Amino acid sequence: MLRKDERGMVYTPLLIAMLPLALLILFMLADAGRINLVRGQEMTMADAASLAAADTATPVSVTTYQYSYDSNGNITGIIGTNTSTQAVIEDPVAAESAARQAALVNMGVLTNQTNAGMMGINISPTPGANDDLTFQVIGTDSCIAKIRSTVKTFAVNALEKLYGLSESDKDEGFTSYGQAVIAN
């Protein structure tokens with residue numbers, strides 16, 4: 001009687017057992033790619049926002065004054081000399097408005113992911129309570145833009161739910177900073 005050739009049958013159950021691990025690795029790679037994309041785009045937004053705010057700086061003349069004297073040593077007048085010009089952020093509201101517009105313009109691919117529910121970021125043209133853009137003018141020649149976002153991940157959320165972790169509905173969060181300093 002001929003026996004059926006069963007060589008290679010060991011690989012089929014092994015393949016079936018390894019399939020969940022392969023899918024998990026695939027989802028983790030997809031998560032890593034999305035996270036890298038989001039962080040890069042978020043940094044671009046923060047940098048653009050801070051640079052746009054710094055672009056609102058206006059030139060201010062720095063004048064030094066000297067007394068003019070007559071031959072007897074009496075002060076006869078004051079001579080003003082323009083010694084330098086400095087760029088100063090005089091209107092923080094206009095600077096923040098420019099920063100918000102630049103961040104919105106530079107959202108790029110994040111708009112599609114936000115609309116698809118794959119991430120959360122909320123930047124409005126005017127400051128609000130749930131806004132993810134924080135802006136601050138430091139002194140008269142520097143500003144910082146901070147942008148926060150959350151990303152839904154495939155593998156991490158699935159693993160958290162599988163193991164019953166209490167934070168399973170929380171998404172991964174990121175914060176990016178952009179700073180512009182005006183060189184005078």
# chains A, B, ... in the order shown; residues from 1 in each chain; ligands from 1
call {"tool": "select_by_dssp", "arguments": {"residues": "chain A", "states": "alpha helix (DSSP H)", "output": "ChimeraX atom specification"}}
result
/A:11-54,92-105,110-115,154-162
call {"tool": "residues_around", "arguments": {"residues": "Gly173 of chain A", "least_positions_apart": "2", "cutoff": "12 Å", "atoms": "only C-alpha atoms", "output": "PyMOL selection string"}}
result
chain A and resi 35+38-39+42+119-121+132+147-153+170-171+175-176
call {"tool": "select_by_dssp", "arguments": {"residues": "segment 20-144 of chain A", "states": "strand (DSSP E)", "output": "ChimeraX atom specification"}}
result
/A:58-69,75-88,119-120,133-138,142-144
call {"tool": "residues_around", "arguments": {"residues": "Ile144 of chain A", "least_positions_apart": "6", "cutoff": "8 Å", "atoms": "only C-alpha atoms", "output": "list in words"}}
result
Ser50, Phe135, Gln136, Val137, Ile138, Tyr177, Gly178, Gln179 and Ala180 of chain A
call {"tool": "write_last_selection", "arguments": {"atoms": "N, CA and C atoms", "output": "short mmCIF file (atom, residue, chain, number, x, y, z; two decimals), in the first residue's frame"}}
result
data_model
loop_
_atom_site.label_atom_id
_atom_site.label_comp_id
_atom_site.auth_asym_id
_atom_site.auth_seq_id
_atom_site.Cartn_x
_atom_site.Cartn_y
_atom_site.Cartn_z
N SER A 50 6.11 79.89 13.65
CA SER A 50 7.02 80.81 14.35
C SER A 50 7.70 81.77 13.37
N PHE A 135 0.82 79.83 21.29
CA PHE A 135 1.78 80.79 20.75
C PHE A 135 2.17 81.77 21.85
N GLN A 136 3.46 82.15 21.84
CA GLN A 136 3.94 83.08 22.86
C GLN A 136 5.05 83.94 22.28
N VAL A 137 4.95 85.25 22.51
CA VAL A 137 6.02 86.17 22.15
C VAL A 137 6.89 86.34 23.38
N ILE A 138 8.19 86.18 23.20
CA ILE A 138 9.14 86.30 24.30
C ILE A 138 9.97 87.55 24.06
N TYR A 177 7.67 71.94 18.73
CA TYR A 177 7.96 73.34 19.03
C TYR A 177 8.68 73.98 17.86
N GLY A 178 8.34 75.22 17.58
CA GLY A 178 9.08 76.01 16.60
C GLY A 178 9.41 77.34 17.23
N GLN A 179 10.64 77.78 17.10
CA GLN A 179 11.04 79.05 17.70
C GLN A 179 11.75 79.89 16.64
N ALA A 180 11.43 81.15 16.61
CA ALA A 180 12.10 82.10 15.72
C ALA A 180 12.65 83.24 16.56
#
call {"tool": "residues_around", "arguments": {"residues": "Glu90 of chain A", "least_positions_apart": "6", "cutoff": "12 Å", "atoms": "only C-alpha atoms", "output": "ChimeraX atom specification"}}
result
/A:53-60,96,137-143
